[in-house]
Amino acid sequence: MHMKIIVNNKETEVSATTIPELVTELGMPEKGIAVALSRQMVPREKWNSTRLEEGADIIIVKAVCGG
Amino acid sequence: MERYSRQILLKEIGEEGQKKIAAGRVLVVGAGGLGSPVALYLAAAGVGHIGIADDDIVSESNLQRQILYTEADKGLYKASVAASKLLSLNSNIQVVPHLYRLDSSNAIDAVAGYDIIVDCSDNFQTRYTLDEVCSLSGKIYVYGAIQGFEGQVSVFGGTGSSLRYRDLFPSPSDDVSPATIGMTPAVVGGVMAHEAIKVLCGYGEVLYNKLWTIDLMTMHSYILNL
């Protein structure tokens, strides 16, 4: 089942219902990223238990190291 | 205090705030793309004691974004050049160059004389080391990083801020491309320097427990709660 969520300000149709599933579906590496739901960072230990619902507002931030 | 008159006019700073800025002891780690604007703005604002830690020398490919340096500086130690440039901008302050690479063996000593550490480094290892050392020694850790057109800033270690950089990113990214344009560190470095001034003076909403992000391609900017 597909649902519409917002990822980094873009409406995106996904079948993922958890953060790890979303990350995989988007083809992103699990390492070196942080994920926020409704502007609140979700700690890694809660990635599996956080359910993504229709309209969820997700921001994925990549760890960058440039100076 | 003619030099600082415009910022003293700000009610958030005033004469009292200027004294706090003058009493500030700030270590800038990395004198590159981020370190250049950070150090220049801190010196211009009158931060009384600035340390610059960098073991690198100025090279041709730095000049596109590292605005502390000119062609004549190629081959010279960045920290030394930076210190003399900052002193020529503001002779009322003290600037100390640290010409070594900060690592876990020397970081505790390096940060000892400072209240605020501004992380302008260019690698994950230094960032995790600074996170660790600032946490152990109770220093304010102003974190900022860039890549491409994107940047992010947070402030760790303040009262009420229990989270650390490693909580935000427990592991580094494999993508460490150095591609960027000078305006990215200009924007992000400006924000980092101002967070340091906010901490010194005690005004505004410091980015404790928050991550600020900016994408200069789309101009989308977020404040995320940690």
# chains A, B, ... in the order shown; residues from 1 in each chain; ligands from 1

call {"tool": "residues_around", "arguments": {"residues": "Cys120 (chain B)", "least_positions_apart": "6", "cutoff": "6 Å", "atoms": "only C-alpha atoms", "output": "ChimeraX atom specification"}}
result
/A:67 /B:29-30,34-35

call {"tool": "residues_around", "arguments": {"residues": "Asn90 (chain B)", "least_positions_apart": "2", "cutoff": "9 Å", "atoms": "only C-alpha atoms", "output": "MDAnalysis selection string"}}
result
chainID B and resid 43:46 85:88 92:94

call {"tool": "write_last_selection", "arguments": {"atoms": "C-alpha atoms", "output": "short mmCIF file (atom, residue, chain, number, x, y, z; two decimals), in the first residue's frame"}}
result
data_model
loop_
_atom_site.label_atom_id
_atom_site.label_comp_id
_atom_site.auth_asym_id
_atom_site.auth_seq_id
_atom_site.Cartn_x
_atom_site.Cartn_y
_atom_site.Cartn_z
CA ALA B 43 38.05 39.39 15.54
CA ALA B 44 36.07 42.24 14.01
CA ALA B 45 33.45 41.98 16.76
CA GLY B 46 36.20 42.30 19.36
CA LYS B 85 45.54 39.04 9.36
CA LEU B 86 43.26 39.09 12.40
CA LEU B 87 45.67 41.31 14.32
CA SER B 88 45.91 43.71 11.40
CA ASN B 92 43.05 45.33 20.45
CA ILE B 93 42.66 41.58 20.66
CA GLN B 94 44.99 38.65 21.30
#

call {"tool": "closest_residue", "arguments": {"among": "A:Pro43, A:Pro29, A:Gly55, A:Gly66", "to": "His2 (chain A)", "atoms": "only C-alpha atoms"}}
result
A:Gly55

call {"tool": "closest_atom_pairs", "arguments": {"of": "chain B", "to": "chain A", "cutoff": "6 Å", "atoms": "only C-alpha atoms", "output": "CSV"}}
result
residue,atom,partner,partner_atom,distance
B:Gly33,CA,A:Gly67,CA,5.5
B:Leu34,CA,A:Gly67,CA,5.1
B:Cys120,CA,A:Gly67,CA,5.1
B:Ser121,CA,A:Gly67,CA,5.1
B:Asp122,CA,A:Gly67,CA,4.4
B:Asn123,CA,A:Cys65,CA,5.1
B:Phe124,CA,A:Cys65,CA,5.6
B:Ala145,CA,A:Cys65,CA,5.3
B:Ile146,CA,A:Gly66,CA,4.7
B:Gln147,CA,A:Gly66,CA,5.4
B:Ser171,CA,A:Gly32,CA,5.3
B:Pro172,CA,A:Gly32,CA,4.5
B:Ser173,CA,A:Gly32,CA,3.9
B:Leu224,CA,A:Arg39,CA,4.8
B:Asn225,CA,A:Gln40,CA,4.7
B:Leu226,CA,A:Met41,CA,5.1

call {"tool": "atom_distance", "arguments": {"atom1": "CA of Ile57 (chain B)", "atom2": "CA of Tyr69 (chain B)"}}
result
10.5 Å

call {"tool": "atom_distance", "arguments": {"atom1": "CA of Val111 (chain B)", "atom2": "CA of Val26 (chain B)"}}
result
9.0 Å

call {"tool": "closest_residue", "arguments": {"among": "A:Met1, A:Ile6, A:Ile19, A:Val14", "to": "Arg51 (chain A)", "atoms": "only C-alpha atoms"}}
result
A:Ile19

call {"tool": "residues_around", "arguments": {"residues": "Thr50 (chain A)", "least_positions_apart": "3", "cutoff": "6 Å", "atoms": "only C-alpha atoms", "output": "list in words"}}
result
Thr18, Lys46 and Trp47 of chain A

call {"tool": "write_last_selection", "arguments": {"atoms": "C-alpha atoms", "output": "PDB file, in the first residue's frame"}}
result
ATOM      1  CA  THR A  18       9.089   2.736   9.416  1.00  0.00           C
ATOM      2  CA  LYS A  46      13.286   4.533  17.896  1.00  0.00           C
ATOM      3  CA  TRP A  47      13.636   4.223  14.129  1.00  0.00           C
TER       4      TRP A  47
END

call {"tool": "closest_residue", "arguments": {"among": "A:Val23, A:Thr17, A:Ile5, A:Thr12", "to": "Ser49 (chain A)", "atoms": "only C-alpha atoms"}}
result
A:Thr17

call {"tool": "residues_around", "arguments": {"residues": "Gly75 (chain B)", "least_positions_apart": "3", "cutoff": "9 Å", "atoms": "only C-alpha atoms", "output": "VMD selection string"}}
result
chain B and resid 57 to 60 72 78

call {"tool": "write_last_selection", "arguments": {"atoms": "C-alpha atoms", "output": "PDB file, in the first residue's frame"}}
result
ATOM      1  CA  ILE B  57      49.502  25.441   4.687  1.00  0.00           C
ATOM      2  CA  VAL B  58      47.783  27.748   2.215  1.00  0.00           C
ATOM      3  CA  SER B  59      47.427  26.243  -1.259  1.00  0.00           C
ATOM      4  CA  GLU B  60      46.034  27.460  -4.575  1.00  0.00           C
ATOM      5  CA  ALA B  72      51.043  35.881  -1.504  1.00  0.00           C
ATOM      6  CA  LYS B  78      47.347  29.037   7.708  1.00  0.00           C
TER       7      LYS B  78
END

call {"tool": "residues_around", "arguments": {"residues": "Val7 (chain A)", "least_positions_apart": "6", "cutoff": "9 Å", "atoms": "only C-alpha atoms", "output": "list in words"}}
result
Ala56, Asp57, Ile58, Ile59 and Ile60 of chain A

call {"tool": "atom_distance", "arguments": {"atom1": "CA of Glu150 (chain B)", "atom2": "CA of Leu216 (chain B)"}}
result
6.2 Å

call {"tool": "decode", "arguments": {"residues": "region 18-62 of chain A", "atoms": "N, CA and C atoms", "output": "PDB file, in the first residue's frame"}}
result
ATOM      1  N   THR A  18       8.130   2.406   8.350  1.00  0.00           N
ATOM      2  CA  THR A  18       9.089   2.736   9.416  1.00  0.00           C
ATOM      3  C   THR A  18      10.251   3.506   8.790  1.00  0.00           C
ATOM      4  N   ILE A  19      11.077   4.090   9.642  1.00  0.00           N
ATOM      5  CA  ILE A  19      12.192   4.892   9.126  1.00  0.00           C
ATOM      6  C   ILE A  19      13.225   4.034   8.385  1.00  0.00           C
ATOM      7  N   PRO A  20      13.646   2.884   8.939  1.00  0.00           N
ATOM      8  CA  PRO A  20      14.611   2.065   8.180  1.00  0.00           C
ATOM      9  C   PRO A  20      14.068   1.654   6.806  1.00  0.00           C
ATOM     10  N   GLU A  21      12.774   1.337   6.758  1.00  0.00           N
ATOM     11  CA  GLU A  21      12.171   0.978   5.464  1.00  0.00           C
ATOM     12  C   GLU A  21      12.203   2.170   4.507  1.00  0.00           C
ATOM     13  N   LEU A  22      11.931   3.352   5.042  1.00  0.00           N
ATOM     14  CA  LEU A  22      11.930   4.557   4.216  1.00  0.00           C
ATOM     15  C   LEU A  22      13.322   4.824   3.653  1.00  0.00           C
ATOM     16  N   VAL A  23      14.313   4.726   4.528  1.00  0.00           N
ATOM     17  CA  VAL A  23      15.693   4.987   4.120  1.00  0.00           C
ATOM     18  C   VAL A  23      16.102   4.024   3.002  1.00  0.00           C
ATOM     19  N   THR A  24      15.726   2.757   3.164  1.00  0.00           N
ATOM     20  CA  THR A  24      16.035   1.747   2.146  1.00  0.00           C
ATOM     21  C   THR A  24      15.296   2.062   0.847  1.00  0.00           C
ATOM     22  N   GLU A  25      14.009   2.391   1.000  1.00  0.00           N
ATOM     23  CA  GLU A  25      13.199   2.667  -0.191  1.00  0.00           C
ATOM     24  C   GLU A  25      13.727   3.870  -0.977  1.00  0.00           C
ATOM     25  N   LEU A  26      14.264   4.848  -0.253  1.00  0.00           N
ATOM     26  CA  LEU A  26      14.793   6.037  -0.918  1.00  0.00           C
ATOM     27  C   LEU A  26      16.201   5.792  -1.447  1.00  0.00           C
ATOM     28  N   GLY A  27      16.744   4.618  -1.165  1.00  0.00           N
ATOM     29  CA  GLY A  27      18.083   4.287  -1.650  1.00  0.00           C
ATOM     30  C   GLY A  27      19.184   5.054  -0.946  1.00  0.00           C
ATOM     31  N   MET A  28      18.920   5.420   0.305  1.00  0.00           N
ATOM     32  CA  MET A  28      19.938   6.170   1.052  1.00  0.00           C
ATOM     33  C   MET A  28      20.698   5.229   1.977  1.00  0.00           C
ATOM     34  N   PRO A  29      21.960   5.550   2.268  1.00  0.00           N
ATOM     35  CA  PRO A  29      22.704   4.737   3.233  1.00  0.00           C
ATOM     36  C   PRO A  29      22.162   4.989   4.641  1.00  0.00           C
ATOM     37  N   GLU A  30      22.090   3.967   5.470  1.00  0.00           N
ATOM     38  CA  GLU A  30      21.597   4.153   6.847  1.00  0.00           C
ATOM     39  C   GLU A  30      22.611   4.881   7.715  1.00  0.00           C
ATOM     40  N   LYS A  31      23.867   4.761   7.304  1.00  0.00           N
ATOM     41  CA  LYS A  31      24.966   5.384   8.061  1.00  0.00           C
ATOM     42  C   LYS A  31      25.068   6.862   7.719  1.00  0.00           C
ATOM     43  N   GLY A  32      25.371   7.668   8.725  1.00  0.00           N
ATOM     44  CA  GLY A  32      25.671   9.057   8.437  1.00  0.00           C
ATOM     45  C   GLY A  32      24.474   9.915   8.082  1.00  0.00           C
ATOM     46  N   ILE A  33      23.305   9.540   8.592  1.00  0.00           N
ATOM     47  CA  ILE A  33      22.149  10.410   8.404  1.00  0.00           C
ATOM     48  C   ILE A  33      21.387  10.553   9.717  1.00  0.00           C
ATOM     49  N   ALA A  34      20.607  11.613   9.804  1.00  0.00           N
ATOM     50  CA  ALA A  34      19.691  11.801  10.927  1.00  0.00           C
ATOM     51  C   ALA A  34      18.316  12.052  10.325  1.00  0.00           C
ATOM     52  N   VAL A  35      17.277  11.573  11.009  1.00  0.00           N
ATOM     53  CA  VAL A  35      15.927  11.675  10.466  1.00  0.00           C
ATOM     54  C   VAL A  35      15.014  12.368  11.476  1.00  0.00           C
ATOM     55  N   ALA A  36      14.299  13.371  10.990  1.00  0.00           N
ATOM     56  CA  ALA A  36      13.365  14.093  11.851  1.00  0.00           C
ATOM     57  C   ALA A  36      11.941  13.869  11.360  1.00  0.00           C
ATOM     58  N   LEU A  37      11.026  13.657  12.282  1.00  0.00           N
ATOM     59  CA  LEU A  37       9.603  13.564  11.990  1.00  0.00           C
ATOM     60  C   LEU A  37       8.936  14.765  12.649  1.00  0.00           C
ATOM     61  N   SER A  38       8.195  15.544  11.857  1.00  0.00           N
ATOM     62  CA  SER A  38       7.577  16.780  12.356  1.00  0.00           C
ATOM     63  C   SER A  38       8.589  17.651  13.082  1.00  0.00           C
ATOM     64  N   ARG A  39       9.774  17.805  12.459  1.00  0.00           N
ATOM     65  CA  ARG A  39      10.865  18.666  12.962  1.00  0.00           C
ATOM     66  C   ARG A  39      11.510  18.176  14.255  1.00  0.00           C
ATOM     67  N   GLN A  40      11.191  16.958  14.668  1.00  0.00           N
ATOM     68  CA  GLN A  40      11.802  16.391  15.872  1.00  0.00           C
ATOM     69  C   GLN A  40      12.671  15.207  15.455  1.00  0.00           C
ATOM     70  N   MET A  41      13.964  15.268  15.791  1.00  0.00           N
ATOM     71  CA  MET A  41      14.862  14.166  15.448  1.00  0.00           C
ATOM     72  C   MET A  41      14.390  12.889  16.128  1.00  0.00           C
ATOM     73  N   VAL A  42      14.419  11.802  15.389  1.00  0.00           N
ATOM     74  CA  VAL A  42      14.035  10.513  15.949  1.00  0.00           C
ATOM     75  C   VAL A  42      15.324   9.759  16.297  1.00  0.00           C
ATOM     76  N   PRO A  43      15.546   9.472  17.594  1.00  0.00           N
ATOM     77  CA  PRO A  43      16.764   8.741  17.957  1.00  0.00           C
ATOM     78  C   PRO A  43      16.793   7.391  17.246  1.00  0.00           C
ATOM     79  N   ARG A  44      17.973   6.936  16.919  1.00  0.00           N
ATOM     80  CA  ARG A  44      18.138   5.719  16.132  1.00  0.00           C
ATOM     81  C   ARG A  44      17.418   4.516  16.758  1.00  0.00           C
ATOM     82  N   GLU A  45      17.421   4.456  18.087  1.00  0.00           N
ATOM     83  CA  GLU A  45      16.789   3.297  18.740  1.00  0.00           C
ATOM     84  C   GLU A  45      15.261   3.321  18.580  1.00  0.00           C
ATOM     85  N   LYS A  46      14.739   4.466  18.119  1.00  0.00           N
ATOM     86  CA  LYS A  46      13.286   4.533  17.896  1.00  0.00           C
ATOM     87  C   LYS A  46      12.918   4.478  16.419  1.00  0.00           C
ATOM     88  N   TRP A  47      13.895   4.252  15.578  1.00  0.00           N
ATOM     89  CA  TRP A  47      13.636   4.223  14.129  1.00  0.00           C
ATOM     90  C   TRP A  47      12.639   3.127  13.759  1.00  0.00           C
ATOM     91  N   ASN A  48      12.787   1.971  14.369  1.00  0.00           N
ATOM     92  CA  ASN A  48      11.921   0.842  14.029  1.00  0.00           C
ATOM     93  C   ASN A  48      10.509   0.998  14.574  1.00  0.00           C
ATOM     94  N   SER A  49      10.413   1.613  15.751  1.00  0.00           N
ATOM     95  CA  SER A  49       9.110   1.677  16.403  1.00  0.00           C
ATOM     96  C   SER A  49       8.310   2.920  16.008  1.00  0.00           C
ATOM     97  N   THR A  50       8.940   3.841  15.271  1.00  0.00           N
ATOM     98  CA  THR A  50       8.222   5.042  14.838  1.00  0.00           C
ATOM     99  C   THR A  50       7.442   4.743  13.563  1.00  0.00           C
ATOM    100  N   ARG A  51       6.119   4.821  13.637  1.00  0.00           N
ATOM    101  CA  ARG A  51       5.279   4.530  12.475  1.00  0.00           C
ATOM    102  C   ARG A  51       5.112   5.778  11.613  1.00  0.00           C
ATOM    103  N   LEU A  52       5.307   5.588  10.326  1.00  0.00           N
ATOM    104  CA  LEU A  52       5.075   6.681   9.391  1.00  0.00           C
ATOM    105  C   LEU A  52       3.635   6.622   8.918  1.00  0.00           C
ATOM    106  N   GLU A  53       2.950   7.758   9.040  1.00  0.00           N
ATOM    107  CA  GLU A  53       1.559   7.798   8.604  1.00  0.00           C
ATOM    108  C   GLU A  53       1.400   8.742   7.432  1.00  0.00           C
ATOM    109  N   GLU A  54       0.288   8.611   6.751  1.00  0.00           N
ATOM    110  CA  GLU A  54      -0.051   9.484   5.610  1.00  0.00           C
ATOM    111  C   GLU A  54       0.214  10.948   6.000  1.00  0.00           C
ATOM    112  N   GLY A  55       0.944  11.657   5.133  1.00  0.00           N
ATOM    113  CA  GLY A  55       1.200  13.077   5.384  1.00  0.00           C
ATOM    114  C   GLY A  55       2.372  13.354   6.307  1.00  0.00           C
ATOM    115  N   ALA A  56       3.037  12.302   6.761  1.00  0.00           N
ATOM    116  CA  ALA A  56       4.169  12.497   7.675  1.00  0.00           C
ATOM    117  C   ALA A  56       5.181  13.476   7.069  1.00  0.00           C
ATOM    118  N   ASP A  57       5.685  14.373   7.893  1.00  0.00           N
ATOM    119  CA  ASP A  57       6.637  15.387   7.432  1.00  0.00           C
ATOM    120  C   ASP A  57       8.044  14.990   7.896  1.00  0.00           C
ATOM    121  N   ILE A  58       8.827  14.496   6.944  1.00  0.00           N
ATOM    122  CA  ILE A  58      10.151  13.931   7.245  1.00  0.00           C
ATOM    123  C   ILE A  58      11.258  14.832   6.712  1.00  0.00           C
ATOM    124  N   ILE A  59      12.257  15.050   7.544  1.00  0.00           N
ATOM    125  CA  ILE A  59      13.478  15.711   7.056  1.00  0.00           C
ATOM    126  C   ILE A  59      14.623  14.737   7.277  1.00  0.00           C
ATOM    127  N   ILE A  60      15.355  14.456   6.224  1.00  0.00           N
ATOM    128  CA  ILE A  60      16.540  13.603   6.347  1.00  0.00           C
ATOM    129  C   ILE A  60      17.773  14.497   6.168  1.00  0.00           C
ATOM    130  N   VAL A  61      18.638  14.472   7.187  1.00  0.00           N
ATOM    131  CA  VAL A  61      19.841  15.309   7.156  1.00  0.00           C
ATOM    132  C   VAL A  61      21.064  14.412   7.050  1.00  0.00           C
ATOM    133  N   LYS A  62      21.916  14.710   6.100  1.00  0.00           N
ATOM    134  CA  LYS A  62      23.138  13.933   5.945  1.00  0.00           C
ATOM    135  C   LYS A  62      24.232  14.528   6.810  1.00  0.00           C
TER     136      LYS A  62
END
